[in-house]
Each structure stands twice: as structure tokens, then as C-alpha cells.
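Text of the file target-v4.tsv, holding TSV, C-alpha atoms:
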```tsv
chain	number	residue	atom	x	y	z
A	1	MET	CA	0.00	0.00	0.00
A	2	SER	CA	1.40	3.36	-1.11
A	3	THR	CA	1.60	6.29	1.33
A	4	GLY	CA	1.17	8.84	-1.44
A	5	THR	CA	4.66	10.33	-1.05
A	6	GLY	CA	6.17	8.41	-3.90
A	7	LEU	CA	8.78	6.81	-1.68
A	8	GLY	CA	7.16	3.46	-1.55
A	9	PRO	CA	6.12	1.63	1.59
A	10	VAL	CA	7.92	2.64	4.79
A	11	PRO	CA	9.58	-0.36	6.39
A	12	THR	CA	8.44	-0.86	9.93
A	13	ALA	CA	10.83	-1.81	12.69
A	14	PRO	CA	10.62	-5.41	13.71
A	15	ARG	CA	8.57	-5.86	16.84
A	16	ARG	CA	10.54	-7.23	19.70
A	17	ASP	CA	9.29	-10.33	21.21
A	18	SER	CA	9.14	-10.34	24.97
A	19	GLY	CA	10.92	-13.64	24.95
A	20	SER	CA	13.86	-12.48	22.79
A	21	PRO	CA	17.29	-13.14	24.27
A	22	ASP	CA	18.39	-9.46	24.18
A	23	ARG	CA	15.79	-8.45	26.78
A	24	PRO	CA	15.95	-10.03	30.25
A	25	ARG	CA	12.80	-11.55	31.59
A	26	ARG	CA	11.25	-10.07	34.69
A	27	GLY	CA	11.09	-13.40	36.51
A	28	SER	CA	14.65	-14.37	35.68
A	29	GLY	CA	15.89	-11.03	37.06
A	30	ASN	CA	14.21	-11.70	40.38
A	31	ARG	CA	15.66	-15.16	40.50
A	32	THR	CA	19.12	-13.82	39.75
A	33	LEU	CA	18.82	-11.26	42.52
A	34	ALA	CA	17.54	-13.88	44.96
A	35	SER	CA	20.40	-16.21	44.07
A	36	SER	CA	22.89	-13.41	44.58
A	37	ASP	CA	21.40	-12.61	47.97
A	38	ALA	CA	21.50	-16.28	48.94
A	39	ARG	CA	25.16	-16.56	47.99
A	40	ALA	CA	25.99	-13.38	49.90
A	41	GLY	CA	24.13	-14.67	52.98
A	42	LEU	CA	25.89	-18.01	52.78
A	43	ALA	CA	29.25	-16.25	52.52
A	44	LEU	CA	28.46	-14.14	55.59
A	45	ILE	CA	27.41	-17.06	57.80
A	46	SER	CA	30.14	-19.41	56.62
A	47	PRO	CA	32.71	-18.37	59.29
A	48	THR	CA	30.12	-18.80	62.04
A	49	LEU	CA	29.02	-22.12	60.59
A	50	VAL	CA	32.59	-23.40	60.49
A	51	ILE	CA	33.23	-22.30	64.08
A	52	VAL	CA	30.02	-23.95	65.32
A	53	LEU	CA	30.86	-27.17	63.51
A	54	ALA	CA	34.42	-27.22	64.87
A	55	MET	CA	33.64	-26.11	68.44
A	56	VAL	CA	30.21	-27.64	69.08
A	57	VAL	CA	29.14	-30.33	66.64
A	58	VAL	CA	32.44	-32.22	66.29
A	59	PRO	CA	33.09	-32.43	70.10
A	60	ILE	CA	29.55	-33.69	70.66
A	61	ILE	CA	29.90	-36.37	68.00
A	62	TRP	CA	33.30	-37.34	69.39
A	63	THR	CA	31.90	-37.58	72.92
A	64	VAL	CA	29.10	-39.84	71.70
A	65	LEU	CA	31.62	-42.11	69.97
A	66	LEU	CA	33.83	-42.26	73.08
A	67	ALA	CA	30.88	-43.07	75.33
A	68	PHE	CA	30.28	-46.33	73.47
A	69	GLN	CA	33.88	-47.55	73.67
A	70	ARG	CA	35.97	-48.96	76.49
A	71	LEU	CA	38.69	-46.40	76.17
A	72	ARG	CA	41.25	-45.46	78.79
A	73	LEU	CA	44.19	-43.12	78.81
A	74	LEU	CA	46.59	-46.07	78.63
A	75	ASN	CA	45.24	-47.33	75.29
A	76	LEU	CA	44.27	-43.98	73.83
A	77	ARG	CA	47.12	-43.90	71.29
A	78	SER	CA	46.53	-47.44	70.06
A	79	SER	CA	42.77	-47.12	69.68
A	80	GLY	CA	41.05	-45.65	66.68
A	81	LEU	CA	38.12	-43.35	66.40
A	82	PHE	CA	35.77	-46.18	65.48
A	83	GLY	CA	36.75	-48.94	67.85
A	84	GLU	CA	34.69	-51.72	69.36
A	85	PHE	CA	31.37	-50.25	70.41
A	86	THR	CA	29.68	-51.43	73.58
A	87	LEU	CA	27.08	-50.42	76.13
A	88	GLY	CA	29.31	-51.37	79.04
A	89	ASN	CA	30.08	-47.79	80.02
A	90	PHE	CA	26.39	-46.95	80.40
A	91	ASP	CA	25.82	-50.20	82.33
A	92	ASN	CA	28.58	-49.20	84.74
A	93	VAL	CA	27.12	-45.69	85.11
A	94	PHE	CA	23.57	-46.80	85.90
A	95	SER	CA	24.65	-49.66	88.19
A	96	ALA	CA	26.99	-47.50	90.28
A	97	PRO	CA	25.41	-46.21	93.51
A	98	THR	CA	27.82	-43.28	93.48
A	99	PHE	CA	26.26	-41.99	90.24
A	100	TRP	CA	22.76	-41.83	91.72
A	101	SER	CA	24.13	-40.20	94.84
A	102	ALA	CA	25.93	-37.62	92.71
A	103	LEU	CA	22.78	-37.07	90.67
A	104	ALA	CA	20.69	-36.45	93.80
A	105	THR	CA	23.34	-34.02	95.04
A	106	THR	CA	23.34	-32.28	91.66
A	107	LEU	CA	19.56	-31.84	91.67
A	108	THR	CA	19.55	-30.54	95.24
A	109	TYR	CA	22.41	-28.18	94.50
A	110	SER	CA	20.79	-26.92	91.29
A	111	VAL	CA	17.29	-26.36	92.68
A	112	LEU	CA	18.34	-24.70	95.94
A	113	GLY	CA	21.16	-22.72	94.30
A	114	THR	CA	18.82	-21.40	91.60
A	115	ALA	CA	16.09	-20.52	94.09
A	116	GLY	CA	18.58	-18.81	96.40
A	117	ALA	CA	20.14	-16.74	93.61
A	118	ILE	CA	16.77	-15.57	92.28
A	119	GLY	CA	15.46	-14.87	95.79
A	120	LEU	CA	18.47	-12.76	96.72
A	121	GLY	CA	18.33	-10.97	93.38
A	122	LEU	CA	14.64	-10.17	93.87
A	123	VAL	CA	15.21	-8.80	97.38
A	124	ALA	CA	18.13	-6.66	96.19
A	125	ALA	CA	16.20	-5.34	93.18
A	126	LEU	CA	13.22	-4.36	95.34
A	127	ALA	CA	15.45	-2.79	98.00
A	128	LEU	CA	17.26	-0.60	95.44
A	129	ARG	CA	14.21	0.21	93.39
A	130	ARG	CA	13.57	3.71	94.77
A	131	PRO	CA	16.18	6.41	94.05
A	132	PHE	CA	18.43	7.56	96.88
A	133	ARG	CA	21.83	9.12	97.20
A	134	GLY	CA	24.56	6.66	96.31
A	135	ARG	CA	22.23	4.15	94.64
A	136	GLY	CA	24.53	3.83	91.63
A	137	PHE	CA	27.49	2.98	93.85
A	138	VAL	CA	25.48	0.42	95.79
A	139	ARG	CA	24.32	-1.19	92.54
A	140	ALA	CA	27.90	-1.40	91.35
A	141	VAL	CA	28.96	-3.06	94.60
A	142	MET	CA	26.18	-5.61	94.12
A	143	LEU	CA	27.91	-6.84	90.97
A	144	LEU	CA	31.21	-7.66	92.68
A	145	PRO	CA	30.42	-11.33	93.45
A	146	TYR	CA	29.55	-11.94	89.82
A	147	VAL	CA	32.58	-10.23	88.27
A	148	ALA	CA	35.16	-11.31	90.85
A	149	PRO	CA	37.49	-14.13	89.72
A	150	ILE	CA	36.22	-17.46	90.90
A	151	VAL	CA	39.58	-18.42	92.38
A	152	ALA	CA	39.69	-15.23	94.48
A	153	ALA	CA	36.08	-15.67	95.63
A	154	THR	CA	36.55	-19.29	96.69
A	155	PHE	CA	39.80	-18.42	98.47
A	156	ALA	CA	38.06	-15.65	100.42
A	157	TRP	CA	35.26	-17.99	101.44
A	158	SER	CA	37.67	-20.77	102.40
A	159	THR	CA	39.60	-18.36	104.61
A	160	MET	CA	36.49	-16.88	106.14
A	161	LEU	CA	35.01	-20.32	106.96
A	162	ASN	CA	38.22	-21.91	108.20
A	163	PRO	CA	37.52	-23.69	111.53
A	164	GLN	CA	40.84	-22.53	113.06
A	165	PHE	CA	41.23	-18.91	112.10
A	166	GLY	CA	38.14	-18.06	110.06
A	167	VAL	CA	36.12	-15.00	111.00
A	168	ALA	CA	32.84	-16.94	110.83
A	169	ASN	CA	33.83	-19.34	113.59
A	170	PHE	CA	35.48	-16.54	115.56
A	171	TRP	CA	32.24	-14.57	115.82
A	172	GLY	CA	30.13	-17.70	116.06
A	173	THR	CA	31.88	-19.05	119.14
A	174	ARG	CA	32.03	-15.64	120.85
A	175	LEU	CA	28.72	-14.06	119.96
A	176	LEU	CA	26.37	-16.83	118.80
A	177	GLY	CA	27.22	-19.36	121.49
A	178	TRP	CA	28.61	-22.14	119.31
A	179	ASP	CA	30.09	-24.91	121.41
A	180	GLU	CA	32.90	-25.55	118.95
A	181	PRO	CA	34.02	-24.29	115.54
A	182	ILE	CA	32.23	-25.70	112.51
A	183	ALA	CA	34.14	-27.09	109.55
A	184	PHE	CA	31.80	-25.68	106.93
A	185	LEU	CA	33.66	-27.07	103.93
A	186	SER	CA	34.86	-30.43	105.24
A	187	GLN	CA	32.08	-31.62	107.54
A	188	ARG	CA	29.47	-33.80	105.84
A	189	SER	CA	26.69	-33.21	108.36
A	190	SER	CA	26.08	-31.71	111.76
A	191	GLU	CA	23.34	-31.95	114.35
A	192	ILE	CA	21.27	-28.93	115.25
A	193	SER	CA	18.66	-28.71	117.98
A	194	LEU	CA	15.32	-27.25	116.98
A	195	PHE	CA	12.41	-27.22	119.42
A	196	GLY	CA	14.05	-30.02	121.38
A	197	LEU	CA	14.68	-32.17	118.32
A	198	SER	CA	18.09	-33.00	116.88
A	199	ILE	CA	18.15	-32.62	113.10
A	200	GLY	CA	21.05	-33.54	110.86
A	201	VAL	CA	21.88	-31.00	108.17
A	202	PRO	CA	24.38	-31.43	105.29
A	203	THR	CA	26.88	-28.77	106.32
A	204	ALA	CA	29.24	-28.76	103.34
A	205	LEU	CA	26.43	-29.06	100.77
A	206	LEU	CA	24.50	-26.14	102.28
A	207	THR	CA	27.71	-24.09	102.31
A	208	VAL	CA	28.39	-24.60	98.60
A	209	ILE	CA	24.72	-23.85	97.86
A	210	ALA	CA	25.02	-20.59	99.82
A	211	PHE	CA	28.16	-19.76	97.85
A	212	GLU	CA	26.38	-20.42	94.56
A	213	ALA	CA	23.43	-18.22	95.57
A	214	TRP	CA	25.77	-15.42	96.72
A	215	ARG	CA	27.88	-15.51	93.59
A	216	SER	CA	25.00	-15.72	91.10
A	217	PHE	CA	22.42	-13.36	92.58
A	218	PRO	CA	23.80	-10.26	90.74
A	219	PHE	CA	22.75	-11.85	87.45
A	220	ALA	CA	19.14	-12.10	88.67
A	221	PHE	CA	19.46	-8.66	90.22
A	222	LEU	CA	20.29	-7.10	86.83
A	223	PHE	CA	17.42	-8.83	85.04
A	224	LEU	CA	14.84	-7.98	87.70
A	225	THR	CA	16.02	-4.39	88.07
A	226	ALA	CA	15.64	-3.84	84.33
A	227	ARG	CA	12.14	-5.32	84.43
A	228	LEU	CA	11.13	-3.22	87.45
A	229	GLN	CA	12.14	-0.06	85.59
A	230	ALA	CA	9.56	-0.93	82.92
A	231	VAL	CA	6.64	-1.50	85.32
A	232	PRO	CA	4.18	1.41	84.93
A	233	ALA	CA	4.02	3.47	88.10
A	234	THR	CA	0.34	4.16	87.52
A	235	LEU	CA	-0.51	0.55	88.40
A	236	GLU	CA	0.90	0.84	91.91
A	237	GLU	CA	-0.52	4.33	92.34
A	238	ALA	CA	-3.98	3.07	91.45
A	239	ALA	CA	-3.59	0.15	93.89
A	240	THR	CA	-2.46	2.57	96.61
A	241	VAL	CA	-5.49	4.78	96.00
A	242	ASP	CA	-7.69	1.69	96.31
A	243	GLY	CA	-6.19	1.02	99.75
A	244	ALA	CA	-3.89	-1.91	98.92
A	245	THR	CA	-1.16	-2.62	101.44
A	246	LEU	CA	2.51	-3.00	100.58
A	247	THR	CA	2.22	-6.78	100.55
A	248	GLN	CA	-0.88	-6.69	98.36
A	249	ARG	CA	0.77	-4.33	95.89
A	250	PHE	CA	3.73	-6.67	95.60
A	251	ARG	CA	1.61	-9.80	95.26
A	252	TYR	CA	-1.04	-8.54	92.83
A	253	VAL	CA	0.78	-5.77	90.93
A	254	VAL	CA	4.56	-6.15	90.98
A	255	LEU	CA	5.00	-9.94	91.11
A	256	PRO	CA	2.80	-10.70	88.04
A	257	GLN	CA	4.94	-8.25	86.09
A	258	LEU	CA	8.10	-10.08	87.14
A	259	LEU	CA	6.94	-13.68	86.64
A	260	PRO	CA	8.00	-14.01	82.94
A	261	THR	CA	11.46	-12.68	83.81
A	262	ILE	CA	11.71	-14.98	86.82
A	263	ALA	CA	10.74	-17.95	84.62
A	264	VAL	CA	13.52	-17.18	82.13
A	265	LEU	CA	15.99	-16.69	84.97
A	266	ALA	CA	14.99	-20.01	86.52
A	267	VAL	CA	15.69	-21.89	83.30
A	268	LEU	CA	19.02	-20.18	82.65
A	269	ARG	CA	20.28	-20.45	86.22
A	270	PHE	CA	19.19	-24.10	86.50
A	271	ILE	CA	21.10	-25.03	83.34
A	272	TRP	CA	24.25	-23.25	84.46
A	273	THR	CA	24.08	-24.55	88.02
A	274	PHE	CA	23.37	-28.11	86.85
A	275	ASN	CA	26.61	-28.04	84.85
A	276	ASN	CA	28.60	-26.11	87.43
A	277	PHE	CA	31.97	-27.56	88.30
A	278	ASP	CA	34.56	-24.97	89.32
A	279	ASP	CA	32.76	-23.61	92.39
A	280	ILE	CA	32.40	-26.97	94.10
A	281	TYR	CA	35.77	-28.30	93.04
A	282	LEU	CA	37.61	-25.22	94.32
A	283	LEU	CA	35.70	-25.15	97.62
A	284	THR	CA	35.53	-28.80	98.64
A	285	GLY	CA	37.03	-30.85	95.80
A	286	GLY	CA	33.80	-32.82	95.73
A	287	GLY	CA	34.27	-34.17	99.25
A	288	ALA	CA	32.02	-34.16	102.31
A	289	GLY	CA	28.90	-35.04	100.32
A	290	THR	CA	29.27	-32.34	97.66
A	291	GLU	CA	30.26	-34.49	94.69
A	292	VAL	CA	28.00	-33.51	91.80
A	293	VAL	CA	27.98	-35.32	88.46
A	294	ALA	CA	30.27	-32.74	86.85
A	295	VAL	CA	32.92	-33.40	89.50
A	296	SER	CA	32.38	-37.15	89.12
A	297	VAL	CA	33.04	-36.85	85.37
A	298	PHE	CA	36.25	-34.93	86.06
A	299	ASN	CA	37.41	-37.53	88.60
A	300	ALA	CA	36.65	-40.39	86.20
A	301	LEU	CA	38.73	-38.72	83.53
A	302	THR	CA	41.71	-37.56	85.57
A	303	ALA	CA	41.90	-39.90	88.56
A	304	ARG	CA	40.89	-43.18	86.90
A	305	GLY	CA	41.80	-42.35	83.30
A	306	ASP	CA	38.48	-43.80	82.16
A	307	ILE	CA	37.71	-41.77	79.03
A	308	GLY	CA	34.77	-43.91	77.97
A	309	GLY	CA	33.19	-43.86	81.42
A	310	ALA	CA	33.60	-40.10	81.72
A	311	ALA	CA	32.05	-39.58	78.29
A	312	ALA	CA	29.13	-41.85	79.21
A	313	GLN	CA	28.49	-39.91	82.42
A	314	ALA	CA	28.64	-36.61	80.54
A	315	LEU	CA	26.21	-37.92	77.94
A	316	VAL	CA	23.77	-39.12	80.61
A	317	LEU	CA	24.07	-35.76	82.37
A	318	ALA	CA	23.25	-33.91	79.14
A	319	ALA	CA	20.29	-36.22	78.45
A	320	ILE	CA	18.85	-35.68	81.94
A	321	LEU	CA	19.21	-31.93	81.58
A	322	ALA	CA	17.52	-32.01	78.17
A	323	VAL	CA	14.61	-34.03	79.60
A	324	LEU	CA	14.17	-31.63	82.54
A	325	ILE	CA	14.22	-28.57	80.28
A	326	GLY	CA	11.84	-30.26	77.88
A	327	LEU	CA	9.41	-31.04	80.71
A	328	TYR	CA	9.57	-27.44	81.84
A	329	LEU	CA	8.90	-26.06	78.37
A	330	TRP	CA	6.06	-28.51	77.85
A	331	ARG	CA	4.39	-28.08	81.22
A	332	PHE	CA	5.17	-24.63	82.56
A	333	ALA	CA	6.32	-22.40	79.70
A	334	PRO	CA	3.77	-20.08	78.12
A	335	ARG	CA	2.25	-21.11	74.82
A	336	GLU	CA	4.16	-18.53	72.82
A	337	GLU	CA	7.48	-19.81	74.19
A	338	ARG	CA	6.57	-23.35	73.18
A	339	SER	CA	5.78	-22.23	69.66
```
What does the file become when written as C-alpha cells?
Amino acid sequence: MSTGTGLGPVPTAPRRDSGSPDRPRRGSGNRTLASSDARAGLALISPTLVIVLAMVVVPIIWTVLLAFQRLRLLNLRSSGLFGEFTLGNFDNVFSAPTFWSALATTLTYSVLGTAGAIGLGLVAALALRRPFRGRGFVRAVMLLPYVAPIVAATFAWSTMLNPQFGVANFWGTRLLGWDEPIAFLSQRSSEISLFGLSIGVPTALLTVIAFEAWRSFPFAFLFLTARLQAVPATLEEAATVDGATLTQRFRYVVLPQLLPTIAVLAVLRFIWTFNNFDDIYLLTGGGAGTEVVAVSVFNALTARGDIGGAAAQALVLAAILAVLIGLYLWRFAPREERS
């Protein structure tokens, strides 16, 4: 068809097809960008992944392999990684009365130590809640047990509780009427008279529990202080206007605000106390009825050279802790934490 200009038909430019190779597709561009982001993310997490594999996963797998082999320090060089597997180590662990005794001591130490640390932290947080002159200094002093080196702290307690020259026995025999000095760290039990009845108390175990509560309460103190700062003051003011007493304000206003924080603290402190080793070993060496499972694992490894037995005990200890934490999350944790 002529255009009337005498130049003949004007050639039209070829219409580009959307699927031609010289124009990128919209979907392929998104996929390319997503792939690039995935590669960048993988490159960023690779160092962390390698560290976790080398420091966490490989030791766990190695411990599991050792727990199923009869391996001692004497035959460590001649044995391979995949030796003769057996359940003998676990049979020895479960059939040993000392293991169940150590487990009972561990549970008692963990429960009472956790409760003591949280209780002391709660009292300290409530006592320092209102502003006063020097509150910042007092709060800083509260952190000293937690930041002090463990060796220095245990040495100070050992000196203070020494039955010959310790200040605790000095004041106890002169002011509190003790008949004789008490060996707090080396005496398994002692008799106390209460309402005419003689009751035996585990002296050394209660002492290490008191040390654990004293040393760990600043951690609970920090958590609870931070939560108390976020409690709206209007709630307590309204309760005061309604005539609520101090105890009622704490029970029905303050404590419900602190319960989620206390629950998290209980889980964290229980895990750390359950696996605690250095406090007890430095104070008593695991003697006088204070041998927890962590100390028993250390003794099996260093004193008896039983690598397989120590690994089996450590594995059982980890399994028990996992079961206890799982029961807590299933039974007591809020629904959103479980999800």
C-alpha cells in the first residue's frame, strides 16, 4: 500500500518479542537477585558455621563415639576413632550407687542454688528500686560477686570459713554461742537442735549452695532491676489509691509483672548450676557429700583415666538436663514460648 509520497512503503521496525534473548525476563531477574542474595548470605554465615561445627558439633559427635567404647588413657594412642562399640560404660554408670548419689546431690544443689540466687536478686532489686543518694554505687557493689574471679572468691570464702582462724567461727563461738568451731567445707553433716529435736543437716552441701546463691544473685538482680524499671508506676498508684497494702501491691501488681522474667531466669540459672563444676571443686574438691555429676566426670577422667566412662556420664548428664528442660517447656512455659 502506497503512502502517497512516492517513496514506496515505509519499512516498519521489527517488533521485539518479549521472549527475545536481548531483553531479560522479569522473573529471571528476580531469581538472579535472589540467588545473589543467597550466595551473599551463605558467605556471611560461613565463618560462624565453620566455628560452630568445629567447636560444638564435632566435640559432641566425638563424645558420643567415646561413650560407646571402652577407652582409657593407657590405650588412647593405640585405639582408633571407630573402635569396638559397647554399652558397658552406660551399664557401669547406671549400676553404680555413686552416680545416683551424685545425681541427687546435683539436683539438690541446682534447685536450691537457683532458688537462692533468684530470691536474693529479687530482694536486692526491690530494696534498690527507689532512688536515693549513692544508689549507683550500691548497685555497682552488688555486681562484685559476679565479676570477681572465681579463684579469688573461693579463696576468700575458704579463709572466712576456716575452723581454726576463720572469722565466721570466731564470731560464732564468741557471739552466737557455738560450742565448737564448725568445719563448713569439710564436715558432711552436723546436728542442730530445733524445738528439742536433733536434726542432721548437710553442712558442706549447704555451704556450697550458699556460695552459689551469693555468687550468682547479681545476674538475677540485673534482670529484675531492668524489668522493674519498665513496670508502669500508675498501676501501683492506682492500687495505693484503692487502699492496697505493701504486701498486696507486691503480690497482685509487681510480682505478676516479674513472673515471665523470673521464669527465664529459673531456666538459665538451673542449666548453668546443673553443669557447674569450678565452684564446688575449688571449695571442697567434691568431698564431704558435695560431689555432683560434673565433678564425678572430672574424677573419672583424671583420677581413673576412664575416658569412655567419663564420656558416658557426661552424655547421661546432658540427656537428663535435656529431659528436665523439655518437661519445663512442655508443662510450665507459656504457649508462645513453646511455639
Around all of segment 286-294 of chain A's listed atoms, make the axis-aligned box with 3 Å on each side and tell me centre and edge lengths in Å to one decimal, as lines of an AutoDock Vina configuration file.
```
center_x = 31.1
center_y = -33.8
center_z = 94.6
size_x = 12.3
size_y = 9.0
size_z = 21.5
```
Discussion item. One number please: atom CA of Trp214 of chain A to atom CA of Phe184 of chain A, in Å, one decimal.
Written reply: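 So the answer is 15.7 Å.
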Item to complete: Give me, please, the distance in Å between atom CA of Arg227 of chain A and atom CA of Val138 of chain A, quoted to one decimal.
Response: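 Answer for the atom CA of Arg227 of chain A to atom CA of Val138 of chain A separation: 18.4 Å.
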Discussion item. With distances taken over only C-alpha atoms, which residue among A:Leu73, A:Ala244, A:Ala233, A:Val297 lies nearest Arg130 of chain A?
Written reply: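 Among the listed residues, A:Ala233 lies closest to Arg130 of chain A.
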Item to complete: Could you check which of A:Leu112, A:Leu87, A:Ile271, A:Ile307 is closest to Leu206 of chain A, using all atoms listed in the file?
Response: A:Leu112
Discussion item. Show me, as a count of residues only, the residues that have an atom within 8 Å of Ala300 of chain A when counting all atoms listed in the file, minus same-chain residues fewer than 6 positions from it.
Written reply: 4
Discussion item. If we draw a sphere of 12 Å around (35.2, -21.8, 112.6), which residues have at least one atom in it when counting all atoms listed in the file? Please report them as number ranges by chain.
Written reply: A: 157-174, 176, 178-187
Item to complete: Mind giving me the straight-line distance from atom CA of Thr63 of chain A to atom CA of Asn92 of chain A in Å, one decimal?
Response: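 That distance, rounded to one decimal, is 16.9 Å.
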Worksheet item: Within 8 Å of segment 284-290 of chain A, counting all atoms listed in the file, which residues qualify if same-chain residues fewer than 4 places away don't, as a ChimeraX atom specification?
Response: /A:102,105,185-188,202,204-205,208,280,295
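Distance check against Leu126 of chain A using only C-alpha atoms: of A:Leu315, A:Val293, A:Ala263, A:Leu255, the minimum falls on A:Leu255.
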Practice prompt. Write out as a PyMOL selection string each polymer residue whose atoms come within 12 Å of Ile118 of chain A, counting only C-alpha atoms; drop sequence neighbours fewer than 6 positions from it.
Written response: chain A and resi 111-112+124-125+212-225+258-259+261-270
Worksheet item: Which of these residues is nearest to Ala104 of chain A, using all atoms listed in the file: A:Ala148, A:Leu49, A:Leu317, A:Ile199?
Response: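 The shortest atom-to-atom distance to Ala104 of chain A comes from A:Leu317.
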Output segment 91-105 of chain A as a PDB file, in the frame of the given file, making sure N, CA and C atoms are there.
```pdb
ATOM      1  N   ASP A  91      26.188 -49.226  81.299  1.00  0.00           N
ATOM      2  CA  ASP A  91      25.820 -50.200  82.330  1.00  0.00           C
ATOM      3  C   ASP A  91      26.549 -49.886  83.639  1.00  0.00           C
ATOM      4  N   ASN A  92      27.832 -49.534  83.532  1.00  0.00           N
ATOM      5  CA  ASN A  92      28.580 -49.200  84.740  1.00  0.00           C
ATOM      6  C   ASN A  92      28.040 -47.919  85.397  1.00  0.00           C
ATOM      7  N   VAL A  93      27.628 -46.952  84.564  1.00  0.00           N
ATOM      8  CA  VAL A  93      27.120 -45.690  85.110  1.00  0.00           C
ATOM      9  C   VAL A  93      25.829 -45.923  85.880  1.00  0.00           C
ATOM     10  N   PHE A  94      24.886 -46.632  85.263  1.00  0.00           N
ATOM     11  CA  PHE A  94      23.570 -46.800  85.900  1.00  0.00           C
ATOM     12  C   PHE A  94      23.607 -47.791  87.063  1.00  0.00           C
ATOM     13  N   SER A  95      24.579 -48.689  87.090  1.00  0.00           N
ATOM     14  CA  SER A  95      24.650 -49.660  88.190  1.00  0.00           C
ATOM     15  C   SER A  95      25.510 -49.179  89.351  1.00  0.00           C
ATOM     16  N   ALA A  96      26.136 -48.018  89.204  1.00  0.00           N
ATOM     17  CA  ALA A  96      26.990 -47.500  90.280  1.00  0.00           C
ATOM     18  C   ALA A  96      26.168 -46.665  91.261  1.00  0.00           C
ATOM     19  N   PRO A  97      26.162 -47.036  92.542  1.00  0.00           N
ATOM     20  CA  PRO A  97      25.410 -46.210  93.510  1.00  0.00           C
ATOM     21  C   PRO A  97      25.959 -44.787  93.625  1.00  0.00           C
ATOM     22  N   THR A  98      27.251 -44.626  93.359  1.00  0.00           N
ATOM     23  CA  THR A  98      27.820 -43.280  93.480  1.00  0.00           C
ATOM     24  C   THR A  98      27.233 -42.328  92.431  1.00  0.00           C
ATOM     25  N   PHE A  99      26.842 -42.863  91.263  1.00  0.00           N
ATOM     26  CA  PHE A  99      26.260 -41.990  90.240  1.00  0.00           C
ATOM     27  C   PHE A  99      24.916 -41.443  90.709  1.00  0.00           C
ATOM     28  N   TRP A 100      24.078 -42.301  91.272  1.00  0.00           N
ATOM     29  CA  TRP A 100      22.760 -41.830  91.720  1.00  0.00           C
ATOM     30  C   TRP A 100      22.897 -40.878  92.902  1.00  0.00           C
ATOM     31  N   SER A 101      23.875 -41.140  93.749  1.00  0.00           N
ATOM     32  CA  SER A 101      24.130 -40.200  94.840  1.00  0.00           C
ATOM     33  C   SER A 101      24.581 -38.840  94.304  1.00  0.00           C
ATOM     34  N   ALA A 102      25.472 -38.878  93.307  1.00  0.00           N
ATOM     35  CA  ALA A 102      25.930 -37.620  92.710  1.00  0.00           C
ATOM     36  C   ALA A 102      24.795 -36.905  91.984  1.00  0.00           C
ATOM     37  N   LEU A 103      23.908 -37.684  91.366  1.00  0.00           N
ATOM     38  CA  LEU A 103      22.780 -37.070  90.670  1.00  0.00           C
ATOM     39  C   LEU A 103      21.817 -36.398  91.653  1.00  0.00           C
ATOM     40  N   ALA A 104      21.553 -37.065  92.780  1.00  0.00           N
ATOM     41  CA  ALA A 104      20.690 -36.450  93.800  1.00  0.00           C
ATOM     42  C   ALA A 104      21.335 -35.174  94.354  1.00  0.00           C
ATOM     43  N   THR A 105      22.638 -35.226  94.571  1.00  0.00           N
ATOM     44  CA  THR A 105      23.340 -34.020  95.040  1.00  0.00           C
ATOM     45  C   THR A 105      23.276 -32.910  94.000  1.00  0.00           C
TER      46      THR A 105
END
```
